[in-house]
Each structure stands twice: as structure tokens, then as C-alpha cells.
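Enquirer: Coordinates in run15.txt, compact mmCIF, C-alpha atoms, are listed below.
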# COMPACT_ATOMS: atom_id res chain seq x y z
CA MET A 1 17.87 0.40 4.61
CA ALA A 2 14.40 -0.63 5.79
CA THR A 3 14.14 -2.19 9.23
CA ALA A 4 13.03 -5.82 9.15
CA THR A 5 9.37 -6.29 10.02
CA PRO A 6 8.66 -8.55 13.02
CA THR A 7 7.37 -11.99 12.15
CA VAL A 8 4.99 -14.64 13.45
CA THR A 9 5.77 -18.35 13.25
CA LEU A 10 3.17 -20.45 11.41
CA ASN A 11 2.22 -23.95 12.50
CA ASN A 12 4.74 -25.54 10.12
CA GLY A 13 7.63 -23.38 11.37
CA ILE A 14 7.60 -20.83 8.54
CA GLU A 15 8.17 -17.19 9.49
CA MET A 16 5.58 -14.72 8.16
CA PRO A 17 5.90 -10.92 8.46
CA VAL A 18 3.26 -9.53 10.81
CA LEU A 19 2.65 -6.57 8.50
CA GLY A 20 2.38 -6.64 4.74
CA PHE A 21 0.94 -4.97 1.66
CA GLY A 22 -2.39 -5.91 0.09
CA VAL A 23 -3.52 -5.19 -3.46
CA TYR A 24 -7.27 -5.83 -3.25
CA GLN A 25 -9.12 -3.34 -5.48
CA VAL A 26 -5.87 -1.95 -6.88
CA GLY A 27 -6.29 -1.81 -10.64
CA ALA A 28 -3.92 -3.89 -12.75
CA ASP A 29 -2.60 -0.68 -14.32
CA GLU A 30 -1.66 0.72 -10.88
CA THR A 31 -0.51 -2.46 -9.19
CA GLU A 32 3.04 -2.75 -10.52
CA ALA A 33 3.96 0.78 -9.47
CA ALA A 34 2.22 0.38 -6.09
CA VAL A 35 3.96 -2.92 -5.31
CA SER A 36 7.32 -1.52 -6.44
CA SER A 37 6.84 1.40 -4.05
CA ALA A 38 5.82 -0.96 -1.25
CA LEU A 39 8.90 -3.12 -1.74
CA ALA A 40 11.10 -0.02 -1.81
CA ALA A 41 9.48 1.12 1.46
CA GLY A 42 10.43 -2.17 3.11
CA TYR A 43 7.39 -4.43 2.76
CA ARG A 44 8.27 -8.08 2.24
CA LEU A 45 4.80 -9.65 2.61
CA LEU A 46 2.64 -9.16 -0.50
CA ASP A 47 -0.97 -10.36 -0.66
CA THR A 48 -2.88 -10.85 -3.91
CA ALA A 49 -5.46 -13.30 -5.31
CA ALA A 50 -6.56 -14.84 -8.57
CA ALA A 51 -9.85 -12.96 -8.21
CA TYR A 52 -8.08 -9.58 -7.99
CA GLY A 53 -6.91 -9.76 -11.60
CA ASN A 54 -3.51 -8.26 -10.80
CA GLU A 55 -1.19 -11.22 -10.18
CA GLU A 56 0.82 -10.48 -13.34
CA ALA A 57 1.45 -6.90 -12.22
CA VAL A 58 2.53 -8.11 -8.78
CA GLY A 59 4.88 -10.55 -10.48
CA ALA A 60 6.35 -7.83 -12.67
CA ALA A 61 7.12 -5.69 -9.62
CA ILE A 62 8.74 -8.64 -7.87
CA ALA A 63 10.87 -9.42 -10.93
CA SER A 64 12.11 -5.84 -11.27
CA SER A 65 12.76 -5.33 -7.56
CA GLY A 66 16.04 -7.23 -7.41
CA ILE A 67 15.07 -8.54 -3.97
CA PRO A 68 16.11 -12.17 -3.41
CA ARG A 69 13.11 -14.52 -3.54
CA ASP A 70 13.83 -15.96 -0.11
CA GLU A 71 13.43 -12.50 1.43
CA LEU A 72 9.84 -12.20 0.17
CA PHE A 73 6.63 -13.74 1.49
CA ILE A 74 4.06 -13.98 -1.31
CA THR A 75 0.42 -14.88 -0.74
CA THR A 76 -2.19 -15.57 -3.38
CA LYS A 77 -5.64 -17.14 -3.20
CA LEU A 78 -7.66 -19.85 -4.89
CA TRP A 79 -11.11 -18.86 -6.15
CA ILE A 80 -14.13 -21.16 -5.79
CA GLN A 81 -13.75 -24.40 -7.76
CA ASP A 82 -16.48 -26.80 -8.87
CA ALA A 83 -16.43 -30.46 -7.90
CA PRO A 84 -14.32 -32.44 -8.41
CA ALA A 85 -11.88 -29.72 -7.48
CA GLU A 86 -8.52 -31.47 -7.24
CA ALA A 87 -7.51 -31.03 -10.90
CA ASN A 88 -9.12 -27.58 -11.15
CA THR A 89 -7.25 -26.39 -8.07
CA ALA A 90 -3.91 -27.69 -9.35
CA ARG A 91 -4.48 -25.85 -12.64
CA ALA A 92 -5.52 -22.67 -10.81
CA LEU A 93 -2.34 -22.67 -8.72
CA ASP A 94 -0.18 -23.29 -11.77
CA ASP A 95 -1.92 -20.38 -13.50
CA SER A 96 -1.27 -18.10 -10.52
CA LEU A 97 2.39 -19.15 -10.40
CA ARG A 98 2.75 -18.46 -14.11
CA LYS A 99 1.23 -15.00 -13.75
CA LEU A 100 3.38 -14.23 -10.72
CA GLY A 101 6.48 -15.58 -12.46
CA LEU A 102 7.27 -17.73 -9.42
CA GLU A 103 8.04 -21.38 -8.78
CA TYR A 104 6.22 -21.34 -5.46
CA VAL A 105 4.15 -19.10 -3.19
CA ASP A 106 4.76 -18.82 0.50
CA LEU A 107 1.07 -19.00 1.37
CA TYR A 108 -1.85 -20.26 -0.70
CA LEU A 109 -5.29 -19.49 0.70
CA MET A 110 -8.73 -20.87 -0.16
CA HIS A 111 -10.43 -17.53 -0.83
CA GLN A 112 -14.01 -18.48 0.09
CA PRO A 113 -15.55 -21.34 2.12
CA PHE A 114 -17.69 -22.45 -0.81
CA GLY A 115 -17.62 -24.88 -3.70
CA ASP A 116 -15.91 -28.24 -3.29
CA THR A 117 -13.94 -27.15 -0.23
CA TYR A 118 -12.75 -30.67 0.59
CA GLY A 119 -11.50 -31.27 -2.94
CA GLN A 120 -9.86 -27.86 -2.97
CA TRP A 121 -8.16 -28.53 0.34
CA ARG A 122 -6.85 -31.96 -0.72
CA ALA A 123 -5.27 -30.34 -3.77
CA MET A 124 -3.81 -27.57 -1.62
CA GLU A 125 -2.36 -30.16 0.78
CA GLN A 126 -0.72 -31.82 -2.23
CA ALA A 127 0.64 -28.47 -3.46
CA ASN A 128 2.17 -28.02 -0.02
CA LYS A 129 3.79 -31.46 -0.18
CA ASP A 130 5.05 -30.74 -3.71
CA GLY A 131 6.66 -27.45 -2.65
CA LYS A 132 4.43 -25.21 -4.76
CA ALA A 133 3.01 -23.63 -1.59
CA ARG A 134 5.18 -23.43 1.50
CA ALA A 135 2.04 -23.06 3.62
CA VAL A 136 -1.68 -23.37 2.94
CA GLY A 137 -4.60 -21.73 4.66
CA VAL A 138 -8.07 -20.31 4.27
CA SER A 139 -9.89 -17.01 4.11
CA ASN A 140 -13.35 -15.99 5.31
CA PHE A 141 -13.94 -19.25 7.17
CA ALA A 142 -16.34 -19.05 10.13
CA PRO A 143 -15.47 -21.01 13.30
CA ASP A 144 -17.63 -24.03 12.45
CA GLN A 145 -16.25 -24.21 8.91
CA LEU A 146 -12.66 -23.92 10.11
CA LEU A 147 -13.05 -26.61 12.75
CA ASP A 148 -14.76 -28.94 10.29
CA LEU A 149 -11.82 -28.57 7.91
CA ILE A 150 -9.29 -29.15 10.70
CA ILE A 151 -11.03 -32.20 12.16
CA ASN A 152 -11.55 -33.97 8.86
CA ASN A 153 -8.28 -33.31 7.03
CA GLU A 154 -4.58 -33.98 7.42
CA VAL A 155 -3.09 -30.47 7.28
CA VAL A 156 -4.25 -27.77 9.69
CA PRO A 157 -4.63 -24.42 7.89
CA ALA A 158 -1.68 -22.20 8.72
CA VAL A 159 -3.72 -18.98 8.40
CA ASN A 160 -7.32 -17.81 8.36
CA GLN A 161 -7.63 -14.37 6.76
CA ILE A 162 -10.83 -12.69 7.94
CA GLU A 163 -12.33 -9.22 8.31
CA THR A 164 -10.71 -7.81 11.46
CA HIS A 165 -10.59 -4.18 12.59
CA PRO A 166 -11.58 -2.10 15.65
CA PHE A 167 -15.31 -2.58 14.96
CA LYS A 168 -15.04 -6.35 14.36
CA GLN A 169 -12.25 -7.57 16.58
CA ASN A 170 -12.63 -11.39 16.56
CA THR A 171 -11.02 -11.69 19.99
CA ASP A 172 -12.75 -14.94 20.95
CA TYR A 173 -12.25 -16.39 17.48
CA GLN A 174 -8.57 -15.52 17.64
CA GLU A 175 -8.29 -17.51 20.87
CA LEU A 176 -10.00 -20.49 19.25
CA MET A 177 -7.62 -20.29 16.28
CA ARG A 178 -4.61 -19.97 18.54
CA GLY A 179 -5.68 -23.17 20.31
CA GLU A 180 -5.86 -24.96 16.96
CA GLY A 181 -2.55 -23.58 15.70
CA VAL A 182 -4.08 -21.25 13.11
CA GLN A 183 -2.70 -17.72 12.62
CA ILE A 184 -5.32 -14.96 12.31
CA GLU A 185 -4.77 -12.45 9.52
CA SER A 186 -6.79 -9.26 9.03
CA TRP A 187 -8.25 -8.11 5.77
CA GLY A 188 -9.78 -4.64 5.78
CA PRO A 189 -7.77 -3.49 8.85
CA PHE A 190 -9.07 0.07 8.41
CA ALA A 191 -12.62 -1.07 7.56
CA GLU A 192 -12.03 0.99 4.39
CA GLY A 193 -12.74 4.05 6.54
CA LYS A 194 -16.31 2.94 7.21
CA ASN A 195 -18.10 3.91 10.43
CA GLY A 196 -15.87 6.99 10.65
CA LEU A 197 -12.77 5.01 11.54
CA PHE A 198 -10.25 7.68 10.50
CA THR A 199 -12.03 10.35 12.54
CA ASN A 200 -12.85 8.14 15.52
CA GLU A 201 -12.26 10.17 18.69
CA VAL A 202 -10.85 7.28 20.72
CA LEU A 203 -8.34 6.27 18.04
CA ALA A 204 -7.40 9.88 17.33
CA ALA A 205 -6.83 10.60 21.03
CA ILE A 206 -4.61 7.53 21.42
CA GLY A 207 -2.71 8.58 18.31
CA ALA A 208 -2.14 12.04 19.76
CA GLU A 209 -0.72 10.48 22.91
CA HIS A 210 1.97 8.77 20.80
CA GLY A 211 2.37 11.30 18.00
CA LYS A 212 0.91 8.75 15.56
CA SER A 213 -1.94 8.69 13.06
CA VAL A 214 -5.18 6.75 13.47
CA ALA A 215 -3.97 4.29 10.83
CA GLN A 216 -0.76 3.69 12.77
CA VAL A 217 -2.71 3.14 16.00
CA VAL A 218 -4.93 0.56 14.30
CA LEU A 219 -1.98 -1.31 12.82
CA ARG A 220 -0.11 -1.25 16.11
CA TRP A 221 -3.22 -2.52 17.90
CA LEU A 222 -3.50 -5.41 15.45
CA THR A 223 0.16 -6.37 15.42
CA GLN A 224 0.39 -6.03 19.21
CA ARG A 225 -2.43 -8.59 19.40
CA GLY A 226 -0.46 -10.89 17.10
CA VAL A 227 -2.78 -10.30 14.15
CA VAL A 228 -1.11 -10.17 10.74
CA ALA A 229 -2.35 -7.16 8.74
CA ILE A 230 -2.14 -6.25 5.05
CA PRO A 231 -3.14 -2.59 4.65
CA LYS A 232 -3.63 -1.25 1.13
CA THR A 233 -2.70 2.17 -0.23
CA VAL A 234 -1.25 3.45 -3.50
CA ASN A 235 0.25 6.49 -1.75
CA PRO A 236 4.00 5.94 -1.07
CA ASP A 237 3.95 8.28 1.94
CA ARG A 238 1.14 6.30 3.55
CA MET A 239 2.92 3.05 2.74
CA ALA A 240 5.91 4.24 4.72
CA GLN A 241 3.70 5.54 7.53
CA ASN A 242 1.81 2.23 7.77
CA LEU A 243 5.09 0.38 8.17
CA ASP A 244 6.32 2.77 10.87
CA VAL A 245 4.42 1.24 13.79
CA PHE A 246 7.03 -0.68 15.73
CA ASP A 247 8.63 2.21 17.63
CA PHE A 248 5.79 2.57 20.15
CA GLU A 249 3.57 0.31 22.23
CA LEU A 250 -0.04 0.73 23.28
CA THR A 251 -0.68 0.48 27.00
CA GLU A 252 -3.15 -1.99 28.50
CA ALA A 253 -5.50 0.93 29.14
CA GLN A 254 -5.29 2.05 25.52
CA MET A 255 -5.87 -1.50 24.29
CA ALA A 256 -8.94 -1.64 26.53
CA ARG A 257 -10.27 1.63 25.11
CA ILE A 258 -9.96 0.21 21.60
CA ALA A 259 -11.62 -3.02 22.74
CA ASP A 260 -14.69 -0.97 23.65
CA LEU A 261 -15.10 0.03 19.97
CA HIS A 262 -16.12 -3.51 19.04
CA THR A 263 -19.62 -3.78 17.59
CA GLY A 264 -19.36 -7.31 16.24
CA GLY A 265 -20.96 -6.58 12.90
CA SER A 266 -19.33 -6.63 9.48
CA GLN A 267 -18.65 -3.29 7.82
CA PHE A 268 -18.86 -5.01 4.44
CA PHE A 269 -21.02 -8.12 4.05
CA ASP A 270 -21.90 -11.35 5.80
CA HIS A 271 -20.42 -14.49 4.23
CA GLN A 272 -23.23 -16.47 5.87
CA ASP A 273 -25.97 -14.37 4.26
CA PRO A 274 -27.76 -16.63 1.72
CA GLU A 275 -27.79 -13.94 -0.96
CA MET A 276 -24.07 -13.32 -0.55
CA VAL A 277 -23.40 -17.07 -0.76
CA ARG A 278 -25.39 -17.20 -4.01
CA TRP A 279 -23.57 -14.17 -5.43
CA LEU A 280 -20.09 -15.42 -4.59
CA SER A 281 -20.83 -18.95 -5.74
CA ALA A 282 -22.10 -17.67 -9.09
CA ARG A 283 -18.78 -15.93 -9.85
CA ARG A 284 -16.36 -17.91 -11.94
CA LEU A 285 -12.97 -16.78 -13.14
CA GLY A 286 -12.38 -17.18 -16.85
Is it possible to give me this structure as C-alpha cells?
Expert:
Amino acid sequence: MATATPTVTLNNGIEMPVLGFGVYQVGADETEAAVSSALAAGYRLLDTAAAYGNEEAVGAAIASSGIPRDELFITTKLWIQDAPAEANTARALDDSLRKLGLEYVDLYLMHQPFGDTYGQWRAMEQANKDGKARAVGVSNFAPDQLLDLIINNEVVPAVNQIETHPFKQNTDYQELMRGEGVQIESWGPFAEGKNGLFTNEVLAAIGAEHGKSVAQVVLRWLTQRGVVAIPKTVNPDRMAQNLDVFDFELTEAQMARIADLHTGGSQFFDHQDPEMVRWLSARRLG
């Protein structure tokens, strides 16, 4: 039987596993098998999104798993909605719930900080009150955007899911979020292998000191910092390996060596780049 994954407590008292399984860029034809393998390996946090096009496959794996619903923590995300967004957001959530085959999600995130964000957030607050989303949060929000949302709305986002890995560590931003009661969650914890992450000498050396892989060192570094992570793989052996990170602890010296890898730049794209804003805002789900 899989060992229970440690949890973090969100600002509304809900427990969220600190390590989960993400399905970004997993094709719909592969997703059901991958999620079934992840659940069998012991994952209980699953992360998908309307924009990923694989919610139905995630739902099928959940339905066939036999795992009680209250033992799972399911996250999906709202894509950019035009103004006025309240009705559009409510319909989008209902559509996601239908595809997932669920009556509620544990966490509903605003996927991008664009569109009618205030209208979207008001609808998400209502979904939280109505029990369709046990917690609501955001993704890809910069510090100024997050604080603006917090200051001018009733519900403080429970989570902000942002690019976080050894080359973009968000240490100061994490402290700001902690002060506001927002849980940081990492997407792209391995930077998709960019910048030579899997062959990085520092990470490899630390792994050798513990008999662990680079991937395991990175996930332990994140979870030891209190960062929720959702690594993706379709390889069952790697799924199990990624979950096997709670039997060792990085020393302060090792944490400091990893801290020195920070470059501050994105390994993917800048959400504040005007061209990226135009590209994302032009996408509509149909």
C-alpha cells in the first residue's frame, strides 16, 4: 500500500498533498493510462486544465480507479474568459465538472491573469460558496497582479501555481505569498530538462550523496521548501521514483548549493511579454 503523501494546509483549512501528478502536454489518448498508473503508484493530487484537452481522460481514470472521492485532490483550471465573465466562468466550470465526471473539484485555478479577471474571480468565489470548488486560486500571477486581486476581492486565492524550479526559485515571492496566506505551487519543476537540469553537476552530486536521482533531489528541494509540485511523466517507473522523495532530507548546505543555481529567468516564456500576452489572449477554447 502506498505511503500517504505529506500535505500542506491551505488558507481555508483544506489539506492538499505536497506532491502530485500533472498532465500538461499529455495527449488525450495517453492520459487515462498515465493517470491510472499514477493513482496506482500512490498519487492522490491530480492537476489538469480545460486548456489541456484531457479532462475527460482524467475523469475516466478516476472513475475506474475505485479510490474514494474524498481521498483524491483534483485540480483543474479556467481558461481566459471575455467580459462579462461571471456566466461564462460558471459554464466553463460546469463543463469541466461534466468532463471529469465529478460534482466538485478540490481546487479551481484561474489559468492566466488575463481577460476579465475580476469577473472570473467573482464567479470562482461563488463556485467556492456553492461547493463546486472546495478552494479557488490562480496560476501565473505576478506579485502585483496577485496583490491587486487580494486587496480588491473577498476571497484570498488559496494557491498561486507558477513556474518554479532550481533556475527560477521564487524565494522572495514565496515569502510574500506566505505572508498573504497563499500557497505556492510549482509548474515545470524540472524545467522540462532545459538548461541541462538533468545533467547539472550540483544536483547530480547531491543526488549521489543520498543515492537519489536528480529528479528526486529537485522534488525534495521543492517539497522541503513547502512548495507543492506536480511533476509529469508517462513512465510508471519514473512516477514511482518521483513519489519516493520523503525518506531523505537535504542539509542546509545542500539547500544553499541549490540556491546558487538560481538565474531568475524563465526557461519557457514571460507572461509579461506583450507578444505572449497577445498570443495567450487570442486563444479561445471551443
Enquirer: Which of these residues is nearest to Glu249 (chain A), using all atoms listed in the file: A:Trp187, A:Phe269, A:Phe167, A:Trp221?
Expert: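 Selected residue with least distance to Glu249 (chain A): A:Trp221.
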Enquirer: Of the candidates A:Leu109, A:Leu222, A:Ala33, A:Ala61, which one gets nearest to Gln161 (chain A) if we count only C-alpha atoms?
Expert: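 Nearest to Gln161 (chain A): A:Leu109.
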Enquirer: Could you check which of A:Val136, A:Met124, A:Val217, A:Ile230 is closest to Phe21 (chain A), using only C-alpha atoms?
Expert: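 Ranked by minimum distance to Phe21 (chain A), first place goes to A:Ile230.
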Enquirer: Take the point (3.1, -6.7, -11.3) in the file's coordinates, draw a sphere of radius 9 Å around it, and report as a PyMOL selection string every protein, DNA or RNA residue with an atom inside or on it, counting only C-alpha atoms.
Expert: chain A and resi 28-36+54-63+99-100
Enquirer: I need the residue nearest Pro84 (chain A) from this list: A:Ile206, A:Met16, A:Leu250, A:Ala123. Use all atoms listed in the file for the distance.
Expert: A:Ala123
Enquirer: Which residue gives the smallest distance to Asp260 (chain A) among A:Asn153, A:Gln272, A:Ser281, A:Thr171, with all atoms listed in the file counted?
Expert: A:Thr171
Enquirer: List as JSON lines every residue of region 56-175 of chain A that is in contact with region 231-246 of chain A, defined as an atom at most 12 Å from one of its atoms (using only C-alpha atoms), together with the nearest atom pair and the distance in Å rounded to one decimal, sorted by chain and then rising number.
Expert:
{"residue": "A:Glu163", "atom": "CA", "partner": "A:Pro231", "partner_atom": "CA", "distance": 11.9}
{"residue": "A:Thr164", "atom": "CA", "partner": "A:Pro231", "partner_atom": "CA", "distance": 11.4}
{"residue": "A:His165", "atom": "CA", "partner": "A:Pro231", "partner_atom": "CA", "distance": 11.0}
Enquirer: Name the residues in contact with Lys194 (chain A) at a cut-off of 7 Å, using all atoms listed in the file, excluding same-chain residues fewer than 3 positions from it; report them as a PyMOL selection string.
Expert: chain A and resi 191+197+267
Enquirer: Which residue, A:Ile151, A:Ala127, A:Ile80, A:Ile14, has the smallest gap to Leu93 (chain A) when you use only C-alpha atoms?
Expert: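 Result for the nearest residue to Leu93 (chain A): A:Ala127.
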Enquirer: Fewer than 2 positions away in the same chain doesn't count, so skip those; otherwise give me all residues within 10 Å of region 141-148 of chain A, counting all atoms listed in the file, as number ranges by chain.
Expert: A: 110-114, 117, 137-139, 150-153, 156-157, 160-162, 173-174, 176-177, 180, 182, 271-272
